[in-house]
>>> print(open('structure.tsv').read())   # TSV, C-alpha atoms
chain	number	residue	atom	x	y	z
A	1435	MET	CA	194.08	90.47	30.34
A	1436	VAL	CA	195.24	88.30	27.46
A	1437	LEU	CA	194.75	84.61	28.12
A	1438	VAL	CA	197.58	83.44	25.93
A	1439	SER	CA	196.99	79.76	26.65
A	1440	THR	CA	193.84	79.86	24.54
A	1441	VAL	CA	195.54	81.08	21.39
A	1442	ALA	CA	196.95	77.79	20.15
A	1443	SER	CA	193.64	75.98	20.66
A	1444	LEU	CA	191.85	78.52	18.46
A	1445	LEU	CA	194.03	78.19	15.37
A	1446	LEU	CA	191.69	76.98	12.64
A	1447	LEU	CA	192.23	74.91	9.50
A	1448	SER	CA	195.73	76.09	8.63
A	1449	GLY	CA	198.72	74.40	10.15
A	1450	ALA	CA	201.38	76.33	8.28
A	1451	ALA	CA	203.56	78.62	10.34
A	1452	ASN	CA	203.52	81.24	7.60
A	1453	ALA	CA	202.00	81.68	4.15
A	1454	ALA	CA	203.78	82.95	1.07
A	1455	SER	CA	202.31	85.98	-0.63
A	1456	PRO	CA	199.59	84.69	-3.01
A	1457	ALA	CA	200.55	84.65	-6.70
A	1458	VAL	CA	198.91	86.87	-9.31
A	1459	GLY	CA	195.47	85.47	-10.04
A	1460	SER	CA	195.12	83.91	-6.58
A	1461	VAL	CA	191.73	84.24	-4.89
A	1462	ILE	CA	191.13	84.38	-1.14
A	1463	THR	CA	187.61	83.63	0.10
A	1464	SER	CA	185.84	83.29	3.40
A	1465	PRO	CA	184.73	79.65	3.78
A	1466	SER	CA	181.21	78.36	3.33
A	1467	GLU	CA	179.35	77.30	6.44
A	1468	ASN	CA	175.95	76.19	7.69
A	1469	ILE	CA	173.98	79.41	7.34
A	1470	GLN	CA	171.42	78.33	9.92
A	1471	LYS	CA	173.91	77.43	12.63
A	1472	SER	CA	176.94	79.14	14.11
A	1473	THR	CA	180.28	78.05	15.55
A	1474	THR	CA	181.85	80.07	18.36
A	1475	LEU	CA	185.40	81.18	17.63
A	1476	ALA	CA	185.78	83.63	20.54
A	1477	TYR	CA	183.66	83.86	23.70
A	1478	GLY	CA	184.39	87.45	24.73
A	1479	THR	CA	186.09	86.43	27.98
A	1480	SER	CA	189.65	87.23	26.87
A	1481	TYR	CA	191.57	88.69	23.95
A	1482	VAL	CA	192.44	85.86	21.53
A	1483	ALA	CA	193.40	85.30	17.90
A	1484	GLY	CA	193.10	82.52	15.36
A	1485	LYS	CA	193.02	81.42	11.74
A	1486	ILE	CA	190.08	80.94	9.41
A	1487	ASN	CA	192.39	79.63	6.71
A	1488	SER	CA	195.97	80.28	5.61
A	1489	ASN	CA	195.10	83.73	4.21
A	1490	LEU	CA	192.41	84.99	6.63
A	1491	TYR	CA	193.15	85.48	10.33
A	1492	TRP	CA	191.13	87.02	13.16
A	1493	GLN	CA	191.52	88.86	16.47
A	1494	ALA	CA	188.72	89.17	19.04
A	1495	SER	CA	188.17	90.61	22.48
A	1496	GLY	CA	184.40	90.16	22.09
A	1497	VAL	CA	182.17	87.36	20.81
A	1498	LEU	CA	182.98	86.08	17.31
A	1499	LEU	CA	180.78	83.47	15.63
A	1500	ALA	CA	181.16	81.80	12.23
A	1501	GLY	CA	177.88	81.26	10.39
A	1502	GLY	CA	174.25	81.81	11.35
A	1503	CYS	CA	174.14	85.37	10.04
A	1504	LEU	CA	170.40	85.98	9.75
A	1505	ARG	CA	169.33	89.62	9.56
A	1506	PRO	CA	166.25	90.60	11.59
A	1507	ASN	CA	164.13	90.68	8.42
A	1508	GLY	CA	165.31	87.20	7.48
A	1509	VAL	CA	167.83	88.08	4.78
A	1510	VAL	CA	170.78	85.68	4.90
A	1511	LEU	CA	174.45	86.65	4.58
A	1512	LYS	CA	176.53	83.69	3.44
A	1513	SER	CA	180.14	82.92	4.42
A	1514	CYS	CA	179.61	85.29	7.30
A	1515	PHE	CA	180.94	86.08	10.76
A	1516	GLN	CA	178.94	87.59	13.63
A	1517	MET	CA	180.69	90.15	15.86
A	1518	SER	CA	179.27	91.31	19.20
A	1519	LEU	CA	180.70	93.69	21.81
A	1520	THR	CA	179.25	94.69	25.17
A	1521	ALA	CA	178.94	98.35	26.15
A	1522	GLN	CA	181.87	98.06	28.58
A	1523	GLY	CA	184.56	95.47	29.25
A	1524	GLN	CA	185.76	92.95	26.67
A	1525	LEU	CA	188.89	95.09	26.28
A	1526	GLU	CA	191.75	94.20	24.00
A	1527	SER	CA	194.21	95.12	26.80
A	1528	GLY	CA	196.06	98.13	28.10
A	1529	SER	CA	199.16	99.89	26.85
A	1530	THR	CA	201.67	98.55	24.35
A	1531	ASN	CA	204.15	97.76	27.12
A	1532	GLN	CA	201.51	95.83	29.03
A	1533	LYS	CA	200.69	93.88	25.89
A	1534	ARG	CA	204.32	92.96	25.37
A	1535	ASP	CA	204.66	91.86	28.96
A	1536	LEU	CA	201.58	89.66	28.63
A	1537	GLY	CA	202.98	88.25	25.39
A	1538	GLU	CA	206.09	86.82	27.02
A	1539	GLY	CA	206.37	83.11	26.31
A	1540	LEU	CA	204.35	83.23	23.09
A	1541	SER	CA	205.77	82.18	19.76
A	1542	ALA	CA	206.53	84.85	17.16
A	1543	GLU	CA	203.49	83.75	15.17
A	1544	GLU	CA	201.19	84.05	18.18
A	1545	ARG	CA	202.55	87.51	19.01
A	1546	ALA	CA	202.14	88.65	15.39
A	1547	MET	CA	198.57	87.39	15.36
A	1548	LEU	CA	197.62	89.06	18.63
A	1549	TYR	CA	199.48	92.36	18.50
A	1550	ASP	CA	199.53	94.47	15.35
A	1551	GLU	CA	202.31	96.66	16.76
A	1552	ASP	CA	204.70	93.72	17.29
A	1553	LEU	CA	206.37	94.26	13.93
A	1554	ASP	CA	209.49	92.30	14.85
A	1555	ALA	CA	207.33	89.22	15.41
A	1556	TYR	CA	205.61	89.71	12.05
A	1557	PHE	CA	208.90	89.87	10.15
A	1558	GLU	CA	210.28	86.92	12.10
A	1559	VAL	CA	207.32	84.90	10.86
A	1560	ASN	CA	207.59	86.36	7.35
A	1561	PRO	CA	211.36	86.83	6.84
A	1562	GLU	CA	211.02	87.01	3.05
A	1563	GLN	CA	209.23	90.36	3.54
A	1564	ALA	CA	212.00	91.97	5.60
A	1565	ARG	CA	213.56	93.67	2.55
A	1566	TYR	CA	210.32	95.64	2.10
A	1567	ARG	CA	210.32	96.98	5.66
A	1568	TYR	CA	212.09	100.29	4.90
A	1569	LEU	CA	211.48	101.11	1.25
A	1570	PRO	CA	212.87	104.27	-0.37
A	1571	GLY	CA	210.08	106.74	-1.03
A	1572	ALA	CA	207.77	105.42	1.68
A	1573	SER	CA	206.07	107.99	3.91
A	1574	TYR	CA	208.41	107.93	6.88
A	1575	THR	CA	211.37	110.10	7.82
A	1576	PRO	CA	214.91	108.67	7.95
A	1577	GLU	CA	215.28	109.57	11.64
A	1578	GLY	CA	214.13	106.48	13.48
A	1579	LYS	CA	212.08	105.38	10.44
A	1580	ARG	CA	209.01	107.07	11.92
A	1581	PHE	CA	206.10	107.77	9.62
A	1582	MET	CA	205.43	111.43	8.94
A	1583	GLN	CA	201.74	110.81	9.57
A	1584	LYS	CA	202.27	108.37	12.44
A	1585	GLN	CA	200.62	110.76	14.92
A	1586	LYS	CA	197.46	108.73	14.96
A	1587	ARG	CA	194.04	110.24	14.99
A	1588	GLN	CA	192.87	107.49	17.29
A	1589	ASP	CA	193.05	107.66	21.06
A	1590	ALA	CA	195.45	105.13	22.45
A	1591	GLY	CA	193.51	104.49	25.63
A	1592	ASP	CA	196.73	104.62	27.65
A	1593	GLY	CA	197.26	108.35	28.06
A	1594	SER	CA	198.85	109.01	24.67
A	1595	SER	CA	198.21	112.34	22.98
A	1596	VAL	CA	196.03	112.32	19.89
A	1597	ALA	CA	195.33	114.62	16.98
A	1598	SER	CA	191.81	116.00	17.46
A	1599	SER	CA	189.06	115.22	14.99
A	1600	THR	CA	187.74	117.93	12.70
A	1601	VAL	CA	184.26	116.45	12.94
A	1602	SER	CA	182.02	118.21	15.46
A	1603	SER	CA	180.04	115.79	17.57
A	1604	THR	CA	176.72	115.78	19.34
A	1605	ALA	CA	176.90	112.07	19.99
A	1606	THR	CA	176.50	110.57	23.44
A	1607	SER	CA	179.57	110.95	25.66
A	1608	ALA	CA	181.65	112.43	22.86
A	1609	THR	CA	184.04	114.06	25.32
A	1610	ALA	CA	184.02	111.29	27.94
A	1611	THR	CA	187.28	109.72	29.06
A	1612	PRO	CA	187.99	106.52	27.10
A	1613	THR	CA	188.27	103.31	29.12
A	1614	GLY	CA	190.12	101.09	26.64
A	1615	ARG	CA	189.81	99.38	23.27
A	1616	GLN	CA	187.56	96.61	21.99
A	1617	ARG	CA	188.41	94.69	18.84
A	1618	ILE	CA	186.93	92.03	16.56
A	1619	GLU	CA	188.61	91.99	13.16
A	1620	ILE	CA	189.14	89.57	10.30
A	1621	TYR	CA	192.19	90.35	8.19
A	1622	THR	CA	194.19	89.20	5.18
A	1623	TRP	CA	197.46	87.34	5.75
A	1624	PRO	CA	200.29	87.63	5.01
A	1625	GLY	CA	200.43	91.35	4.36
A	1626	ALA	CA	200.52	92.44	0.72
A	1627	LEU	CA	203.85	93.76	-0.54
A	1628	ALA	CA	204.73	96.96	-2.38
A	1629	ASN	CA	203.57	96.92	-6.03
A	1630	GLU	CA	201.00	94.17	-5.44
A	1631	THR	CA	197.51	95.04	-6.73
A	1632	TRP	CA	194.41	93.53	-5.15
A	1633	ASN	CA	190.65	93.61	-5.60
A	1634	TYR	CA	188.66	93.04	-2.40
A	1635	LYS	CA	184.91	92.46	-2.15
A	1636	TRP	CA	182.92	91.85	1.01
A	1637	THR	CA	179.55	92.48	2.65
A	1638	SER	CA	178.66	93.81	6.09
A	1639	TRP	CA	175.68	94.64	8.27
A	1640	GLN	CA	175.64	96.95	11.31
A	1641	ARG	CA	172.82	96.90	13.82
A	1642	PRO	CA	171.00	100.27	13.88
A	1643	GLY	CA	171.09	102.63	16.84
A	1644	ILE	CA	174.73	102.43	17.88
A	1645	SER	CA	176.14	105.34	19.86
A	1646	THR	CA	179.21	107.03	18.40
A	1647	SER	CA	181.67	109.61	19.70
A	1648	ALA	CA	184.54	111.78	18.50
A	1649	HIS	CA	186.84	108.78	19.00
A	1650	PHE	CA	187.72	106.10	16.46
A	1651	TRP	CA	185.54	103.13	15.56
A	1652	HIS	CA	187.00	101.30	12.56
A	1653	ALA	CA	184.65	99.38	10.29
A	1654	TRP	CA	187.69	98.58	8.16
A	1655	GLN	CA	191.30	99.67	7.85
A	1656	ILE	CA	194.36	99.19	5.69
A	1657	LEU	CA	197.09	98.33	8.21
A	1658	ARG	CA	200.73	98.65	7.13
A	1659	ARG	CA	203.65	96.91	8.83
A	1660	ASP	CA	206.55	98.56	7.03
A	1661	GLY	CA	208.42	101.32	8.84
A	1662	SER	CA	206.77	101.81	12.22
A	1663	GLY	CA	203.45	100.37	11.11
A	1664	GLY	CA	199.91	101.65	11.67
A	1665	PRO	CA	196.78	102.38	9.66
A	1666	VAL	CA	196.98	104.00	6.22
A	1667	ILE	CA	193.26	104.54	5.60
A	1668	THR	CA	190.30	103.76	7.84
A	1669	LEU	CA	186.54	103.96	7.56
A	1670	ASP	CA	185.05	104.88	10.92
A	1671	TYR	CA	181.72	105.41	12.65
A	1672	LYS	CA	182.42	108.76	14.26
A	1673	ALA	CA	180.16	111.50	15.61
A	1674	SER	CA	177.07	110.09	13.86
A	1675	ARG	CA	178.92	110.01	10.53
A	1676	VAL	CA	180.72	107.50	8.35
A	1677	VAL	CA	184.19	109.04	8.08
A	1678	PHE	CA	187.31	108.29	6.04
A	1679	THR	CA	190.64	109.02	7.73
A	1680	ASP	CA	193.79	108.98	5.60
A	1681	THR	CA	196.96	109.23	7.68
A	1682	VAL	CA	199.28	109.63	4.68
A	1683	ALA	CA	197.15	112.39	3.13
A	1684	GLY	CA	196.87	113.93	6.60
A	1685	CYS	CA	193.08	114.30	6.73
A	1686	THR	CA	190.88	113.11	9.60
A	1687	ALA	CA	187.56	113.58	7.81
A	1688	CYS	CA	188.51	113.21	4.15
A	1689	VAL	CA	185.01	112.17	3.05
A	1690	THR	CA	181.95	111.78	5.26
A	1691	SER	CA	178.38	110.53	5.02
A	1692	SER	CA	175.45	110.17	7.39
A	1693	LEU	CA	175.61	107.04	9.53
A	1694	ARG	CA	171.84	106.64	9.08
A	1695	SER	CA	172.45	105.66	5.46
A	1696	TRP	CA	174.50	102.73	6.81
A	1697	TYR	CA	172.08	101.41	9.44
A	1698	GLY	CA	170.44	98.07	8.88
A	1699	ILE	CA	171.49	97.60	5.24
A	1700	VAL	CA	173.54	94.82	3.76
A	1701	ALA	CA	176.48	96.94	2.60
A	1702	VAL	CA	178.41	95.73	-0.45
A	1703	HIS	CA	182.04	96.86	-0.44
A	1704	GLU	CA	184.59	96.84	-3.25
A	1705	MET	CA	188.18	98.05	-3.16
A	1706	ASN	CA	190.99	98.11	-5.71
A	1707	ILE	CA	194.36	98.88	-4.16
A	1708	THR	CA	198.00	98.91	-5.21
A	1709	TYR	CA	200.38	98.83	-2.26
A	1710	GLY	CA	203.71	100.56	-1.82
A	1711	PRO	CA	205.16	104.09	-2.20
A	1712	GLN	CA	203.54	104.48	-5.66
A	1713	GLY	CA	200.25	103.14	-4.44
A	1714	ASN	CA	196.63	104.02	-5.02
A	1715	VAL	CA	193.18	102.99	-3.82
A	1716	SER	CA	189.63	103.19	-5.14
A	1717	TYR	CA	186.79	102.15	-2.82
A	1718	SER	CA	183.00	102.23	-2.95
A	1719	VAL	CA	180.15	100.85	-0.87
A	1720	ALA	CA	176.48	100.48	-1.75
A	1721	ASP	CA	173.24	99.05	-0.40
A	1722	SER	CA	172.84	95.49	-1.71
A	1723	HIS	CA	169.39	96.49	-3.02
A	1724	SER	CA	170.98	99.28	-5.12
A	1725	PRO	CA	174.49	98.00	-5.84
A	1726	ASP	CA	175.09	100.51	-8.64
A	1727	VAL	CA	174.36	103.55	-6.44
A	1728	PRO	CA	177.30	104.13	-4.06
A	1729	ILE	CA	176.60	105.46	-0.57
A	1730	ILE	CA	180.15	106.74	-0.30
A	1731	THR	CA	183.38	106.46	-2.30
A	1732	TYR	CA	187.04	107.24	-1.71
A	1733	GLN	CA	190.06	107.47	-4.02
A	1734	ALA	CA	193.66	108.35	-3.24
A	1735	VAL	CA	197.06	108.15	-4.93
A	1736	HIS	CA	199.97	107.92	-2.47
A	1737	ASP	CA	201.96	105.48	-0.35
A	1738	MET	CA	199.68	102.60	0.70
A	1739	GLY	CA	202.27	100.80	2.79
A	1740	SER	CA	203.79	97.35	2.47
A	1741	SER	CA	203.31	94.10	4.36
A	1742	ALA	CA	199.79	95.50	4.64
A	1743	SER	CA	196.46	93.85	5.46
A	1744	LEU	CA	192.83	94.74	4.92
A	1745	LYS	CA	191.14	94.42	8.32
A	1746	MET	CA	187.33	94.23	8.51
A	1747	GLY	CA	185.04	94.22	11.53
A	1748	THR	CA	184.70	96.47	14.53
A	1749	TYR	CA	187.56	98.10	16.44
A	1750	ARG	CA	186.68	100.97	18.75
A	1751	LEU	CA	187.70	103.06	21.69
A	1752	VAL	CA	185.26	102.48	24.53
A	1753	ILE	CA	183.72	105.44	26.36
A	1754	PRO	CA	181.29	105.58	29.30
A	1755	ASN	CA	177.64	105.14	28.26
A	1756	ALA	CA	178.62	103.55	24.95
A	1757	SER	CA	176.12	101.15	23.40
A	1758	ASP	CA	176.73	97.49	22.86
A	1759	THR	CA	177.02	96.55	19.22
A	1760	LYS	CA	176.47	93.68	16.81
A	1761	GLY	CA	177.51	93.40	13.20
A	1762	PHE	CA	178.25	90.91	10.45
A	1763	VAL	CA	181.08	90.64	7.93
A	1764	GLY	CA	181.03	88.08	5.15
A	1765	SER	CA	181.19	87.03	1.51
A	1766	PHE	CA	184.83	88.09	1.37
A	1767	VAL	CA	186.74	87.58	-1.88
A	1768	GLY	CA	190.26	88.91	-2.38
A	1769	THR	CA	191.83	88.56	-5.84
A	1770	ARG	CA	195.42	89.45	-6.63
A	1771	LEU	CA	195.48	91.32	-9.93
A	1772	GLY	CA	199.15	92.17	-10.18
>>> encode(input="structure.tsv", output="structure tokens")
Amino acid sequence: MVLVSTVASLLLLSGAANAASPAVGSVITSPSENIQKSTTLAYGTSYVAGKINSNLYWQASGVLLAGGCLRPNGVVLKSCFQMSLTAQGQLESGSTNQKRDLGEGLSAEERAMLYDEDLDAYFEVNPEQARYRYLPGASYTPEGKRFMQKQKRQDAGDGSSVASSTVSSTATSATATPTGRQRIEIYTWPGALANETWNYKWTSWQRPGISTSAHFWHAWQILRRDGSGGPVITLDYKASRVVFTDTVAGCTACVTSSLRSWYGIVAVHEMNITYGPQGNVSYSVADSHSPDVPIITYQAVHDMGSSASLKMGTYRLVIPNASDTKGFVGSFVGTRLG
């Protein structure tokens, strides 16, 4: 269940109720910290949310630590967050309706921080963005403002139907019945508006040997809040592959690479993205030891959504016999270019 009473006590550093969209030239960074020691932000006993600063927020159903990110071979990741999930339990919560019921009594800001699908709460907190909610030319149909690609490729964990993956899987428990969702994500706030252009850079590390399935496991996603919301593009660990899913382009395995190339490395990510109906994205990731040799890249030109955030971390559907997992995300720098 969601222990809502813990939310307010976990708001960090920023006291502002909402933050205006950063101006052109603004830079968002993850804060420096004692690299040898860590501070616990979430204990993994309930689903909670908080602030790192006015432009970086977090959600966690598992254990989230700030600092102390030492790789097993002693390499240090600075300005880093540790993310750990157990094999079972530590669930975000159940269905959307259950979430809303549990959210009764929370402020609009707390609901927006906890529940990505509570779009009304988001626009209550950020009323200046309301005029971007239903833009002409965005990828939704007029009837009910539902996105054409809103049939998500990710299992809802509450009995919802899902588009099947085109990736064949030999991974452990690939066809097992999901038991719920686990989430630890750091994300940009407020969401970027249509026609804004951003450059994002960050690093990550994923412990080797994780078990994957045919179900979603986001390492990062672009989450839109215009229209009926939802992910635009995600990078997933799926069926022993690193897989791009693009809901606007309509592909569930747009580009793939072996997950083994990802294991144990300090991955250096860079993304340039312009949001909105005339949007585009260019992304690459490389091993920090060979930063000029991409492991995988992705480019697209289409609607990238508005009021949208980059979310980094680990968000997965849990299946029986899944492995526990630990990863790091850090050294984040977001620069608004236009």
>>> closest_residue(input="structure.tsv", among="A:Lys1760, A:Arg1659, A:Arg1675, A:His1652", to="Ala1555 in chain A", atoms="only C-alpha atoms")
A:Arg1659
>>> closest_residue(input="structure.tsv", among="A:Arg1750, A:Lys1635, A:Arg1565, A:Lys1485", to="Trp1623 in chain A", atoms="only C-alpha atoms")
A:Lys1485
>>> atom_distance(input="structure.tsv", atom1="CA of Asp1726 in chain A", atom2="CA of Leu1693 in chain A")
19.3 Å
>>> atom_distance(input="structure.tsv", atom1="CA of Pro1725 in chain A", atom2="CA of Ala1701 in chain A")
8.7 Å
>>> atom_distance(input="structure.tsv", atom1="CA of Val1676 in chain A", atom2="CA of Trp1654 in chain A")
11.3 Å
>>> residues_near_point(input="structure.tsv", point="(180.2, 103.0, 10.4)", cutoff="10 Å", atoms="all atoms listed in the file", output="tab-separated table (two decimals) with C-alpha atoms, in the coordinates of the input")
chain	number	residue	atom	x	y	z
A	1639	TRP	CA	175.68	94.64	8.27
A	1640	GLN	CA	175.64	96.95	11.31
A	1644	ILE	CA	174.73	102.43	17.88
A	1646	THR	CA	179.21	107.03	18.40
A	1651	TRP	CA	185.54	103.13	15.56
A	1652	HIS	CA	187.00	101.30	12.56
A	1653	ALA	CA	184.65	99.38	10.29
A	1654	TRP	CA	187.69	98.58	8.16
A	1669	LEU	CA	186.54	103.96	7.56
A	1670	ASP	CA	185.05	104.88	10.92
A	1671	TYR	CA	181.72	105.41	12.65
A	1672	LYS	CA	182.42	108.76	14.26
A	1673	ALA	CA	180.16	111.50	15.61
A	1674	SER	CA	177.07	110.09	13.86
A	1675	ARG	CA	178.92	110.01	10.53
A	1676	VAL	CA	180.72	107.50	8.35
A	1677	VAL	CA	184.19	109.04	8.08
A	1678	PHE	CA	187.31	108.29	6.04
A	1691	SER	CA	178.38	110.53	5.02
A	1692	SER	CA	175.45	110.17	7.39
A	1693	LEU	CA	175.61	107.04	9.53
A	1694	ARG	CA	171.84	106.64	9.08
A	1695	SER	CA	172.45	105.66	5.46
A	1696	TRP	CA	174.50	102.73	6.81
A	1697	TYR	CA	172.08	101.41	9.44
A	1748	THR	CA	184.70	96.47	14.53
>>> residues_around(input="structure.tsv", residues="range 1517-1528 of chain A", least_positions_apart="3", cutoff="7 Å", atoms="only C-alpha atoms", output="list in words")
Met1435, Val1436, Gly1478, Thr1479, Ser1480, Tyr1481, Ser1495, Gly1496, Val1497, Leu1498, Leu1499, Gln1532, Lys1533, Asp1592, Gly1614, Arg1615, Gln1616, Arg1617, Ile1618, Val1752, Ala1756, Ser1757, Asp1758, Thr1759, Lys1760, Gly1761 and Phe1762 of chain A
>>> write_last_selection(input="structure.tsv", atoms="C-alpha atoms", output="compact mmCIF listing (two decimals), keeping the file's coordinate frame")
# COMPACT_ATOMS: atom_id res chain seq x y z
CA MET A 1435 194.08 90.47 30.34
CA VAL A 1436 195.24 88.30 27.46
CA GLY A 1478 184.39 87.45 24.73
CA THR A 1479 186.09 86.43 27.98
CA SER A 1480 189.65 87.23 26.87
CA TYR A 1481 191.57 88.69 23.95
CA SER A 1495 188.17 90.61 22.48
CA GLY A 1496 184.40 90.16 22.09
CA VAL A 1497 182.17 87.36 20.81
CA LEU A 1498 182.98 86.08 17.31
CA LEU A 1499 180.78 83.47 15.63
CA GLN A 1532 201.51 95.83 29.03
CA LYS A 1533 200.69 93.88 25.89
CA ASP A 1592 196.73 104.62 27.65
CA GLY A 1614 190.12 101.09 26.64
CA ARG A 1615 189.81 99.38 23.27
CA GLN A 1616 187.56 96.61 21.99
CA ARG A 1617 188.41 94.69 18.84
CA ILE A 1618 186.93 92.03 16.56
CA VAL A 1752 185.26 102.48 24.53
CA ALA A 1756 178.62 103.55 24.95
CA SER A 1757 176.12 101.15 23.40
CA ASP A 1758 176.73 97.49 22.86
CA THR A 1759 177.02 96.55 19.22
CA LYS A 1760 176.47 93.68 16.81
CA GLY A 1761 177.51 93.40 13.20
CA PHE A 1762 178.25 90.91 10.45
>>> closest_residue(input="structure.tsv", among="A:Thr1668, A:Ser1645, A:Ser1740, A:Gln1655", to="Thr1631 in chain A", atoms="all atoms listed in the file")
A:Ser1740
>>> closest_residue(input="structure.tsv", among="A:Ala1454, A:Asn1706, A:Arg1641, A:Asn1629", to="Pro1561 in chain A", atoms="all atoms listed in the file")
A:Ala1454
